[in-house]
$ cat my_file00.tsv   # TSV, N, CA and C atoms
chain	number	residue	atom	x	y	z
A	449	GLN	N	54.56	10.03	16.33
A	449	GLN	CA	55.89	9.50	16.02
A	449	GLN	C	55.75	8.39	14.98
A	450	VAL	N	56.44	8.53	13.87
A	450	VAL	CA	56.39	7.55	12.80
A	450	VAL	C	57.60	6.63	12.90
A	451	GLN	N	57.35	5.33	12.82
A	451	GLN	CA	58.44	4.36	12.78
A	451	GLN	C	58.52	3.79	11.37
A	452	LEU	N	59.74	3.66	10.89
A	452	LEU	CA	59.98	3.13	9.54
A	452	LEU	C	60.87	1.89	9.65
A	453	VAL	N	60.46	0.82	9.02
A	453	VAL	CA	61.23	-0.42	9.07
A	453	VAL	C	61.47	-0.90	7.64
A	454	GLU	N	62.75	-0.95	7.27
A	454	GLU	CA	63.12	-1.40	5.93
A	454	GLU	C	63.34	-2.91	5.90
A	455	SER	N	63.19	-3.49	4.73
A	455	SER	CA	63.49	-4.89	4.51
A	455	SER	C	63.82	-5.09	3.04
A	456	GLY	N	64.42	-6.24	2.72
A	456	GLY	CA	64.67	-6.58	1.33
A	456	GLY	C	66.10	-6.45	0.87
A	457	GLY	N	66.97	-5.98	1.74
A	457	GLY	CA	68.37	-5.88	1.37
A	457	GLY	C	69.01	-7.26	1.24
A	458	GLY	N	70.22	-7.29	0.70
A	458	GLY	CA	70.92	-8.56	0.57
A	458	GLY	C	72.13	-8.43	-0.33
A	459	VAL	N	72.65	-9.58	-0.75
A	459	VAL	CA	73.80	-9.64	-1.63
A	459	VAL	C	73.33	-10.10	-3.00
A	460	VAL	N	73.76	-9.39	-4.04
A	460	VAL	CA	73.34	-9.71	-5.40
A	460	VAL	C	74.51	-9.47	-6.34
A	461	GLN	N	74.55	-10.20	-7.42
A	461	GLN	CA	75.60	-9.98	-8.42
A	461	GLN	C	75.27	-8.77	-9.28
A	462	ALA	N	76.30	-8.18	-9.82
A	462	ALA	CA	76.11	-7.04	-10.72
A	462	ALA	C	75.17	-7.43	-11.85
A	463	GLY	N	74.25	-6.50	-12.16
A	463	GLY	CA	73.23	-6.77	-13.16
A	463	GLY	C	71.95	-7.33	-12.60
A	464	GLY	N	71.98	-7.72	-11.34
A	464	GLY	CA	70.80	-8.30	-10.71
A	464	GLY	C	69.84	-7.25	-10.18
A	465	SER	N	68.81	-7.74	-9.49
A	465	SER	CA	67.75	-6.86	-8.99
A	465	SER	C	67.45	-7.16	-7.53
A	466	LEU	N	66.98	-6.15	-6.83
A	466	LEU	CA	66.46	-6.28	-5.48
A	466	LEU	C	65.28	-5.33	-5.33
A	467	ARG	N	64.37	-5.69	-4.43
A	467	ARG	CA	63.25	-4.81	-4.11
A	467	ARG	C	63.26	-4.53	-2.62
A	468	LEU	N	63.44	-3.27	-2.28
A	468	LEU	CA	63.39	-2.86	-0.88
A	468	LEU	C	61.98	-2.42	-0.52
A	469	SER	N	61.60	-2.71	0.72
A	469	SER	CA	60.31	-2.26	1.25
A	469	SER	C	60.54	-1.47	2.51
A	470	CYS	N	59.64	-0.54	2.77
A	470	CYS	CA	59.69	0.26	4.00
A	470	CYS	C	58.28	0.36	4.54
A	471	ALA	N	58.04	-0.24	5.69
A	471	ALA	CA	56.73	-0.21	6.31
A	471	ALA	C	56.69	0.88	7.38
A	472	ALA	N	55.68	1.72	7.30
A	472	ALA	CA	55.52	2.82	8.25
A	472	ALA	C	54.42	2.50	9.25
A	473	SER	N	54.64	2.92	10.48
A	473	SER	CA	53.63	2.75	11.52
A	473	SER	C	53.69	3.92	12.49
A	474	GLY	N	52.66	4.06	13.32
A	474	GLY	CA	52.65	5.08	14.35
A	474	GLY	C	52.07	6.41	13.92
A	475	GLY	N	51.55	6.48	12.72
A	475	GLY	CA	50.98	7.74	12.26
A	475	GLY	C	50.31	7.55	10.92
A	476	THR	N	49.67	8.61	10.44
A	476	THR	CA	49.04	8.57	9.13
A	476	THR	C	50.11	8.69	8.05
A	477	PHE	N	50.07	7.81	7.10
A	477	PHE	CA	51.13	7.69	6.07
A	477	PHE	C	50.98	8.74	4.97
A	478	SER	N	49.75	9.04	4.59
A	478	SER	CA	49.53	9.81	3.37
A	478	SER	C	50.07	11.24	3.39
A	479	PRO	N	50.17	11.95	4.54
A	479	PRO	CA	50.67	13.34	4.47
A	479	PRO	C	52.18	13.46	4.37
A	480	TYR	N	52.86	12.34	4.12
A	480	TYR	CA	54.31	12.37	4.05
A	480	TYR	C	54.78	12.13	2.62
A	481	SER	N	55.78	12.89	2.19
A	481	SER	CA	56.55	12.45	1.04
A	481	SER	C	57.56	11.44	1.57
A	482	MET	N	57.83	10.41	0.78
A	482	MET	CA	58.69	9.33	1.21
A	482	MET	C	59.91	9.26	0.30
A	483	GLY	N	60.98	8.72	0.84
A	483	GLY	CA	62.18	8.65	0.02
A	483	GLY	C	63.13	7.55	0.45
A	484	TRP	N	64.15	7.42	-0.34
A	484	TRP	CA	65.25	6.49	-0.06
A	484	TRP	C	66.57	7.25	-0.20
A	485	PHE	N	67.43	7.04	0.76
A	485	PHE	CA	68.80	7.55	0.74
A	485	PHE	C	69.72	6.34	0.91
A	486	ARG	N	71.00	6.56	0.65
A	486	ARG	CA	71.96	5.48	0.88
A	486	ARG	C	73.26	6.07	1.40
A	487	GLN	N	74.00	5.20	2.09
A	487	GLN	CA	75.28	5.64	2.65
A	487	GLN	C	76.27	4.50	2.55
A	488	ALA	N	77.35	4.76	1.84
A	488	ALA	CA	78.45	3.81	1.72
A	488	ALA	C	79.48	4.11	2.81
A	489	PRO	N	80.29	3.13	3.20
A	489	PRO	CA	81.29	3.36	4.25
A	489	PRO	C	82.21	4.53	3.91
A	490	GLY	N	82.36	5.44	4.87
A	490	GLY	CA	83.24	6.58	4.69
A	490	GLY	C	82.67	7.71	3.85
A	491	LYS	N	81.42	7.57	3.44
A	491	LYS	CA	80.80	8.60	2.61
A	491	LYS	C	79.57	9.18	3.30
A	492	ALA	N	79.16	10.35	2.83
A	492	ALA	CA	77.96	10.98	3.36
A	492	ALA	C	76.71	10.28	2.83
A	493	ARG	N	75.64	10.42	3.58
A	493	ARG	CA	74.36	9.88	3.14
A	493	ARG	C	73.89	10.69	1.94
A	494	GLU	N	73.43	9.98	0.89
A	494	GLU	CA	73.04	10.67	-0.33
A	494	GLU	C	71.63	10.28	-0.77
A	495	PHE	N	71.00	11.20	-1.44
A	495	PHE	CA	69.65	11.01	-1.95
A	495	PHE	C	69.64	9.98	-3.08
A	496	VAL	N	68.63	9.13	-3.07
A	496	VAL	CA	68.45	8.14	-4.14
A	496	VAL	C	67.15	8.42	-4.91
A	497	ALA	N	66.03	8.48	-4.20
A	497	ALA	CA	64.74	8.65	-4.85
A	497	ALA	C	63.72	9.18	-3.85
A	498	ALA	N	62.69	9.84	-4.37
A	498	ALA	CA	61.60	10.34	-3.54
A	498	ALA	C	60.29	10.20	-4.29
A	499	ILE	N	59.22	10.09	-3.52
A	499	ILE	CA	57.88	10.06	-4.09
A	499	ILE	C	57.00	10.99	-3.27
A	500	SER	N	56.33	11.89	-3.94
A	500	SER	CA	55.52	12.88	-3.24
A	500	SER	C	54.22	12.26	-2.75
A	501	ARG	N	53.47	13.05	-1.99
A	501	ARG	CA	52.18	12.60	-1.49
A	501	ARG	C	51.25	12.21	-2.64
A	502	SER	N	51.38	12.91	-3.77
A	502	SER	CA	50.55	12.63	-4.94
A	502	SER	C	51.20	11.67	-5.92
A	503	ALA	N	52.28	11.01	-5.48
A	503	ALA	CA	52.95	9.94	-6.23
A	503	ALA	C	53.79	10.42	-7.41
A	504	ASN	N	54.19	11.68	-7.43
A	504	ASN	CA	55.21	12.12	-8.37
A	504	ASN	C	56.55	11.59	-7.88
A	505	THR	N	57.40	11.19	-8.82
A	505	THR	CA	58.66	10.56	-8.45
A	505	THR	C	59.87	11.37	-8.92
A	506	TYR	N	60.97	11.22	-8.17
A	506	TYR	CA	62.19	11.97	-8.43
A	506	TYR	C	63.37	11.05	-8.14
A	507	TYR	N	64.42	11.16	-8.95
A	507	TYR	CA	65.55	10.25	-8.82
A	507	TYR	C	66.88	10.99	-8.92
A	508	ALA	N	67.88	10.46	-8.22
A	508	ALA	CA	69.24	10.90	-8.43
A	508	ALA	C	69.67	10.46	-9.83
A	509	ASP	N	70.53	11.25	-10.45
A	509	ASP	CA	70.98	10.91	-11.81
A	509	ASP	C	71.64	9.53	-11.86
A	510	SER	N	72.30	9.15	-10.78
A	510	SER	CA	73.04	7.90	-10.77
A	510	SER	C	72.14	6.66	-10.82
A	511	VAL	N	70.86	6.81	-10.51
A	511	VAL	CA	69.97	5.65	-10.49
A	511	VAL	C	68.82	5.79	-11.48
A	512	LYS	N	68.71	6.92	-12.12
A	512	LYS	CA	67.61	7.16	-13.05
A	512	LYS	C	67.62	6.11	-14.16
A	513	GLY	N	66.45	5.54	-14.42
A	513	GLY	CA	66.34	4.51	-15.45
A	513	GLY	C	66.58	3.10	-14.94
A	514	ARG	N	67.13	2.97	-13.72
A	514	ARG	CA	67.40	1.65	-13.14
A	514	ARG	C	66.54	1.38	-11.90
A	515	PHE	N	66.25	2.41	-11.12
A	515	PHE	CA	65.49	2.27	-9.88
A	515	PHE	C	64.10	2.87	-10.07
A	516	THR	N	63.13	2.28	-9.37
A	516	THR	CA	61.76	2.79	-9.39
A	516	THR	C	61.21	2.83	-7.97
A	517	ILE	N	60.75	4.01	-7.57
A	517	ILE	CA	60.13	4.16	-6.26
A	517	ILE	C	58.62	4.16	-6.42
A	518	SER	N	57.93	3.55	-5.47
A	518	SER	CA	56.47	3.53	-5.50
A	518	SER	C	55.96	3.50	-4.07
A	519	ARG	N	54.67	3.78	-3.89
A	519	ARG	CA	54.08	3.76	-2.56
A	519	ARG	C	52.68	3.17	-2.62
A	520	ASP	N	52.32	2.50	-1.54
A	520	ASP	CA	50.99	1.93	-1.38
A	520	ASP	C	50.42	2.50	-0.09
A	521	ASN	N	49.59	3.53	-0.20
A	521	ASN	CA	49.08	4.19	0.99
A	521	ASN	C	48.18	3.28	1.81
A	522	ALA	N	47.51	2.33	1.17
A	522	ALA	CA	46.64	1.41	1.90
A	522	ALA	C	47.45	0.49	2.81
A	523	LYS	N	48.70	0.21	2.41
A	523	LYS	CA	49.57	-0.67	3.20
A	523	LYS	C	50.62	0.11	3.98
A	524	ASN	N	50.59	1.44	3.88
A	524	ASN	CA	51.59	2.27	4.58
A	524	ASN	C	53.00	1.83	4.24
A	525	THR	N	53.24	1.57	2.98
A	525	THR	CA	54.52	1.01	2.55
A	525	THR	C	55.04	1.73	1.31
A	526	VAL	N	56.35	1.94	1.30
A	526	VAL	CA	57.03	2.49	0.12
A	526	VAL	C	58.05	1.45	-0.34
A	527	TYR	N	58.25	1.38	-1.64
A	527	TYR	CA	59.12	0.38	-2.24
A	527	TYR	C	60.20	1.04	-3.07
A	528	LEU	N	61.31	0.32	-3.24
A	528	LEU	CA	62.35	0.74	-4.16
A	528	LEU	C	62.76	-0.49	-4.96
A	529	GLN	N	62.35	-0.53	-6.22
A	529	GLN	CA	62.75	-1.60	-7.12
A	529	GLN	C	64.06	-1.20	-7.76
A	530	MET	N	65.08	-2.03	-7.58
A	530	MET	CA	66.42	-1.72	-8.07
A	530	MET	C	66.82	-2.77	-9.10
A	531	ASN	N	67.00	-2.33	-10.33
A	531	ASN	CA	67.40	-3.21	-11.42
A	531	ASN	C	68.78	-2.82	-11.94
A	532	SER	N	69.40	-3.71	-12.69
A	532	SER	CA	70.72	-3.46	-13.29
A	532	SER	C	71.69	-2.93	-12.24
A	533	LEU	N	71.74	-3.60	-11.12
A	533	LEU	CA	72.58	-3.13	-10.01
A	533	LEU	C	74.05	-3.17	-10.36
A	534	LYS	N	74.77	-2.20	-9.82
A	534	LYS	CA	76.21	-2.06	-10.05
A	534	LYS	C	76.94	-2.14	-8.71
A	535	PRO	N	78.21	-2.51	-8.72
A	535	PRO	CA	78.97	-2.53	-7.45
A	535	PRO	C	78.93	-1.19	-6.72
A	536	GLU	N	78.88	-0.10	-7.45
A	536	GLU	CA	78.85	1.22	-6.80
A	536	GLU	C	77.51	1.51	-6.12
A	537	ASP	N	76.52	0.65	-6.29
A	537	ASP	CA	75.26	0.79	-5.57
A	537	ASP	C	75.34	0.19	-4.16
A	538	THR	N	76.45	-0.46	-3.84
A	538	THR	CA	76.63	-1.05	-2.52
A	538	THR	C	76.60	0.02	-1.44
A	539	ALA	N	75.70	-0.14	-0.47
A	539	ALA	CA	75.53	0.84	0.60
A	539	ALA	C	74.45	0.34	1.55
A	540	SER	N	74.33	1.04	2.67
A	540	SER	CA	73.14	0.88	3.51
A	540	SER	C	72.08	1.82	2.97
A	541	TYR	N	70.87	1.29	2.79
A	541	TYR	CA	69.77	2.07	2.23
A	541	TYR	C	68.78	2.42	3.34
A	542	TYR	N	68.43	3.70	3.39
A	542	TYR	CA	67.58	4.22	4.46
A	542	TYR	C	66.29	4.78	3.88
A	543	CYS	N	65.19	4.38	4.48
A	543	CYS	CA	63.89	4.94	4.15
A	543	CYS	C	63.71	6.26	4.90
A	544	SER	N	63.02	7.21	4.27
A	544	SER	CA	62.83	8.51	4.90
A	544	SER	C	61.39	8.97	4.76
A	545	ALA	N	60.95	9.78	5.72
A	545	ALA	CA	59.62	10.39	5.68
A	545	ALA	C	59.74	11.87	5.98
A	546	ASP	N	59.11	12.68	5.17
A	546	ASP	CA	59.15	14.14	5.28
A	546	ASP	C	57.70	14.63	5.31
A	547	TYR	N	57.29	15.19	6.44
A	547	TYR	CA	55.89	15.63	6.58
A	547	TYR	C	55.62	16.84	5.69
A	548	VAL	N	54.61	16.73	4.81
A	548	VAL	CA	54.25	17.83	3.92
A	548	VAL	C	52.80	18.26	4.11
A	549	GLY	N	52.06	17.55	4.96
A	549	GLY	CA	50.67	17.92	5.20
A	549	GLY	C	49.72	17.27	4.23
A	550	PRO	N	48.42	17.37	4.48
A	550	PRO	CA	47.41	16.68	3.66
A	550	PRO	C	47.28	17.22	2.25
A	551	TYR	N	47.86	18.41	1.98
A	551	TYR	CA	47.74	18.97	0.63
A	551	TYR	C	49.10	19.30	0.02
A	552	GLY	N	50.16	18.94	0.70
A	552	GLY	CA	51.48	19.30	0.24
A	552	GLY	C	51.92	18.49	-0.98
A	553	SER	N	52.77	19.10	-1.79
A	553	SER	CA	53.27	18.43	-2.99
A	553	SER	C	54.79	18.44	-3.05
A	554	THR	N	55.43	18.90	-1.98
A	554	THR	CA	56.89	18.99	-2.02
A	554	THR	C	57.53	17.66	-1.66
A	555	TRP	N	58.83	17.61	-1.83
A	555	TRP	CA	59.63	16.45	-1.48
A	555	TRP	C	61.03	16.99	-1.19
A	556	SER	N	61.88	16.18	-0.63
A	556	SER	CA	63.20	16.69	-0.28
A	556	SER	C	64.29	15.68	-0.61
A	557	SER	N	65.43	16.20	-1.05
A	557	SER	CA	66.63	15.39	-1.28
A	557	SER	C	67.70	15.74	-0.25
A	558	ARG	N	67.34	16.53	0.75
A	558	ARG	CA	68.30	16.97	1.76
A	558	ARG	C	68.10	16.21	3.06
A	559	THR	N	69.17	15.68	3.61
A	559	THR	CA	69.06	14.88	4.83
A	559	THR	C	68.58	15.73	6.01
A	560	ASP	N	68.89	17.03	6.01
A	560	ASP	CA	68.51	17.87	7.15
A	560	ASP	C	67.04	18.27	7.12
A	561	GLU	N	66.33	17.90	6.04
A	561	GLU	CA	64.91	18.23	5.95
A	561	GLU	C	64.03	17.01	6.22
A	562	ILE	N	64.63	15.88	6.50
A	562	ILE	CA	63.87	14.65	6.73
A	562	ILE	C	63.43	14.58	8.19
A	563	ASP	N	62.16	14.19	8.38
A	563	ASP	CA	61.61	14.12	9.74
A	563	ASP	C	61.87	12.77	10.41
A	564	TYR	N	61.81	11.69	9.64
A	564	TYR	CA	61.98	10.36	10.21
A	564	TYR	C	62.85	9.50	9.30
A	565	TRP	N	63.63	8.62	9.95
A	565	TRP	CA	64.50	7.69	9.25
A	565	TRP	C	64.23	6.27	9.71
A	566	GLY	N	64.42	5.32	8.78
A	566	GLY	CA	64.46	3.93	9.17
A	566	GLY	C	65.85	3.56	9.67
A	567	GLN	N	66.01	2.31	10.06
A	567	GLN	CA	67.28	1.87	10.63
A	567	GLN	C	68.28	1.44	9.56
A	568	GLY	N	67.82	1.28	8.32
A	568	GLY	CA	68.70	0.94	7.22
A	568	GLY	C	68.71	-0.54	6.89
A	569	THR	N	68.96	-0.84	5.64
A	569	THR	CA	69.11	-2.22	5.19
A	569	THR	C	70.29	-2.27	4.22
A	570	GLN	N	71.13	-3.27	4.37
A	570	GLN	CA	72.37	-3.34	3.60
A	570	GLN	C	72.13	-3.97	2.23
A	571	VAL	N	72.67	-3.31	1.22
A	571	VAL	CA	72.67	-3.84	-0.15
A	571	VAL	C	74.12	-3.98	-0.59
A	572	THR	N	74.51	-5.17	-0.99
A	572	THR	CA	75.86	-5.43	-1.46
A	572	THR	C	75.79	-6.01	-2.87
A	573	VAL	N	76.47	-5.36	-3.79
A	573	VAL	CA	76.48	-5.80	-5.19
A	573	VAL	C	77.90	-6.27	-5.51
A	574	SER	N	78.03	-7.54	-5.83
A	574	SER	CA	79.34	-8.10	-6.14
A	574	SER	C	79.60	-8.04	-7.64
A	575	SER	N	80.87	-7.87	-7.97
A	575	SER	CA	81.24	-7.75	-9.40
A	575	SER	C	81.58	-9.10	-10.00

$ encode --input "my_file00.tsv" --output "structure tokens"
Amino acid sequence: QVQLVESGGGVVQAGGSLRLSCAASGGTFSPYSMGWFRQAPGKAREFVAAISRSANTYYADSVKGRFTISRDNAKNTVYLQMNSLKPEDTASYYCSADYVGPYGSTWSSRTDEIDYWGQGTQVTVSS
């Protein structure tokens, strides 16, 4: 059983930056592709970014060029650097883990394919 704990959320003005962290425990980190999703009030949870086991990265069009996902397997941690934040980025951000095995290269942008979720961290961008 993998536990994911996010941190780093907060309130920031438009144009500012935040760095989210997600610490994993309870299992081996490396066989998982990791990701970030977000959910605004009244909306469905949506894909933000993913990083494969081999550190290939993928982004939603809405954040491409502004957000950067990375992972540190030695620290069992995945990060989301968010720059040039906009009010529409306001949401709860959730870390995700999708088991792909020791040789897998896939990743997922679908919520129904995620194996583990964190509890979420709130990001609020004021205009």

$ closest_atom_pairs --input "my_file00.tsv" --of "segment 517-536 of chain A" --to "segment 495-513 of chain A" --cutoff "9 Å" --atoms "only C-alpha atoms" --output "tab-separated table"
residue	atom	partner	partner_atom	distance
A:Ile517	CA	A:Ala497	CA	6.6
A:Ser518	CA	A:Ile499	CA	6.8
A:Arg519	CA	A:Ala503	CA	7.3
A:Val526	CA	A:Ile499	CA	8.7
A:Leu528	CA	A:Ala497	CA	8.3
A:Met530	CA	A:Val511	CA	8.5
A:Asn531	CA	A:Gly513	CA	8.8

$ residues_near_point --input "my_file00.tsv" --point "(72.7, -3.1, 0.4)" --cutoff "8 Å" --atoms "all atoms listed in the file" --output "list in words"
Gly456, Gly457, Gly458, Val459, Val460, Asp537, Thr538, Ala539, Ser540, Tyr541, Thr569, Gln570, Val571, Thr572 and Val573 of chain A

$ atom_distance --input "my_file00.tsv" --atom1 "atom N of Thr525 of chain A" --atom2 "atom N of Tyr551 of chain A"
17.7 Å

$ atom_distance --input "my_file00.tsv" --atom1 "atom CA of Asp563 of chain A" --atom2 "atom CA of Tyr527 of chain A"
18.4 Å

$ atom_distance --input "my_file00.tsv" --atom1 "atom CA of Thr476 of chain A" --atom2 "atom C of Asn524 of chain A"
9.2 Å

$ residues_around --input "my_file00.tsv" --residues "Leu466 of chain A" --least-positions-apart "2" --cutoff "5 Å" --atoms "only N, CA and C atoms" --output "compact mmCIF listing (two decimals) with N, CA and C atoms, in the frame of the given file"
# COMPACT_ATOMS: atom_id res chain seq x y z
N GLY A 464 71.98 -7.72 -11.34
CA GLY A 464 70.80 -8.30 -10.71
C GLY A 464 69.84 -7.25 -10.18
N LEU A 468 63.44 -3.27 -2.28
CA LEU A 468 63.39 -2.86 -0.88
C LEU A 468 61.98 -2.42 -0.52
N GLN A 529 62.35 -0.53 -6.22
CA GLN A 529 62.75 -1.60 -7.12
C GLN A 529 64.06 -1.20 -7.76
N MET A 530 65.08 -2.03 -7.58
CA MET A 530 66.42 -1.72 -8.07
C MET A 530 66.82 -2.77 -9.10

$ residues_near_point --input "my_file00.tsv" --point "(59.5, 7.6, 13.3)" --cutoff "6 Å" --atoms "all atoms listed in the file" --output "list in words"
Gln449, Val450, Gln451, Leu452, Tyr564 and Trp565 of chain A

$ axis_aligned_box --input "my_file00.tsv" --around "segment 558-567 of chain A" --padding-each-side "5 Å" --output "JSON"
{"center_x": 65.4, "center_y": 9.9, "center_z": 5.7, "size_x": 17.6, "size_y": 26.8, "size_z": 19.9}

$ closest_residue --input "my_file00.tsv" --among "A:Val548, A:Ala492, A:Met482, A:Cys543" --to "Cys470 of chain A" --atoms "only C-alpha atoms"
A:Cys543

$ closest_residue --input "my_file00.tsv" --among "A:Gly490, A:Ala472, A:Ser574, A:Gly552" --to "Glu536 of chain A" --atoms "all atoms listed in the file"
A:Ser574

$ select_by_dssp --input "my_file00.tsv" --residues "segment 452-506 of chain A" --states "strand (DSSP E)" --output "PyMOL selection string"
chain A and resi 452-455+458-461+466-473+480-487+494-499+505-506

$ write_last_selection --input "my_file00.tsv" --atoms "N, CA and C atoms" --output "tab-separated table (two decimals), keeping the file's coordinate frame"
chain	number	residue	atom	x	y	z
A	452	LEU	N	59.74	3.66	10.89
A	452	LEU	CA	59.98	3.13	9.54
A	452	LEU	C	60.87	1.89	9.65
A	453	VAL	N	60.46	0.82	9.02
A	453	VAL	CA	61.23	-0.42	9.07
A	453	VAL	C	61.47	-0.90	7.64
A	454	GLU	N	62.75	-0.95	7.27
A	454	GLU	CA	63.12	-1.40	5.93
A	454	GLU	C	63.34	-2.91	5.90
A	455	SER	N	63.19	-3.49	4.73
A	455	SER	CA	63.49	-4.89	4.51
A	455	SER	C	63.82	-5.09	3.04
A	458	GLY	N	70.22	-7.29	0.70
A	458	GLY	CA	70.92	-8.56	0.57
A	458	GLY	C	72.13	-8.43	-0.33
A	459	VAL	N	72.65	-9.58	-0.75
A	459	VAL	CA	73.80	-9.64	-1.63
A	459	VAL	C	73.33	-10.10	-3.00
A	460	VAL	N	73.76	-9.39	-4.04
A	460	VAL	CA	73.34	-9.71	-5.40
A	460	VAL	C	74.51	-9.47	-6.34
A	461	GLN	N	74.55	-10.20	-7.42
A	461	GLN	CA	75.60	-9.98	-8.42
A	461	GLN	C	75.27	-8.77	-9.28
A	466	LEU	N	66.98	-6.15	-6.83
A	466	LEU	CA	66.46	-6.28	-5.48
A	466	LEU	C	65.28	-5.33	-5.33
A	467	ARG	N	64.37	-5.69	-4.43
A	467	ARG	CA	63.25	-4.81	-4.11
A	467	ARG	C	63.26	-4.53	-2.62
A	468	LEU	N	63.44	-3.27	-2.28
A	468	LEU	CA	63.39	-2.86	-0.88
A	468	LEU	C	61.98	-2.42	-0.52
A	469	SER	N	61.60	-2.71	0.72
A	469	SER	CA	60.31	-2.26	1.25
A	469	SER	C	60.54	-1.47	2.51
A	470	CYS	N	59.64	-0.54	2.77
A	470	CYS	CA	59.69	0.26	4.00
A	470	CYS	C	58.28	0.36	4.54
A	471	ALA	N	58.04	-0.24	5.69
A	471	ALA	CA	56.73	-0.21	6.31
A	471	ALA	C	56.69	0.88	7.38
A	472	ALA	N	55.68	1.72	7.30
A	472	ALA	CA	55.52	2.82	8.25
A	472	ALA	C	54.42	2.50	9.25
A	473	SER	N	54.64	2.92	10.48
A	473	SER	CA	53.63	2.75	11.52
A	473	SER	C	53.69	3.92	12.49
A	480	TYR	N	52.86	12.34	4.12
A	480	TYR	CA	54.31	12.37	4.05
A	480	TYR	C	54.78	12.13	2.62
A	481	SER	N	55.78	12.89	2.19
A	481	SER	CA	56.55	12.45	1.04
A	481	SER	C	57.56	11.44	1.57
A	482	MET	N	57.83	10.41	0.78
A	482	MET	CA	58.69	9.33	1.21
A	482	MET	C	59.91	9.26	0.30
A	483	GLY	N	60.98	8.72	0.84
A	483	GLY	CA	62.18	8.65	0.02
A	483	GLY	C	63.13	7.55	0.45
A	484	TRP	N	64.15	7.42	-0.34
A	484	TRP	CA	65.25	6.49	-0.06
A	484	TRP	C	66.57	7.25	-0.20
A	485	PHE	N	67.43	7.04	0.76
A	485	PHE	CA	68.80	7.55	0.74
A	485	PHE	C	69.72	6.34	0.91
A	486	ARG	N	71.00	6.56	0.65
A	486	ARG	CA	71.96	5.48	0.88
A	486	ARG	C	73.26	6.07	1.40
A	487	GLN	N	74.00	5.20	2.09
A	487	GLN	CA	75.28	5.64	2.65
A	487	GLN	C	76.27	4.50	2.55
A	494	GLU	N	73.43	9.98	0.89
A	494	GLU	CA	73.04	10.67	-0.33
A	494	GLU	C	71.63	10.28	-0.77
A	495	PHE	N	71.00	11.20	-1.44
A	495	PHE	CA	69.65	11.01	-1.95
A	495	PHE	C	69.64	9.98	-3.08
A	496	VAL	N	68.63	9.13	-3.07
A	496	VAL	CA	68.45	8.14	-4.14
A	496	VAL	C	67.15	8.42	-4.91
A	497	ALA	N	66.03	8.48	-4.20
A	497	ALA	CA	64.74	8.65	-4.85
A	497	ALA	C	63.72	9.18	-3.85
A	498	ALA	N	62.69	9.84	-4.37
A	498	ALA	CA	61.60	10.34	-3.54
A	498	ALA	C	60.29	10.20	-4.29
A	499	ILE	N	59.22	10.09	-3.52
A	499	ILE	CA	57.88	10.06	-4.09
A	499	ILE	C	57.00	10.99	-3.27
A	505	THR	N	57.40	11.19	-8.82
A	505	THR	CA	58.66	10.56	-8.45
A	505	THR	C	59.87	11.37	-8.92
A	506	TYR	N	60.97	11.22	-8.17
A	506	TYR	CA	62.19	11.97	-8.43
A	506	TYR	C	63.37	11.05	-8.14

$ closest_residue --input "my_file00.tsv" --among "A:Ser575, A:Ser481, A:Ser455, A:Ser473" --to "Pro535 of chain A" --atoms "only N, CA and C atoms"
A:Ser575
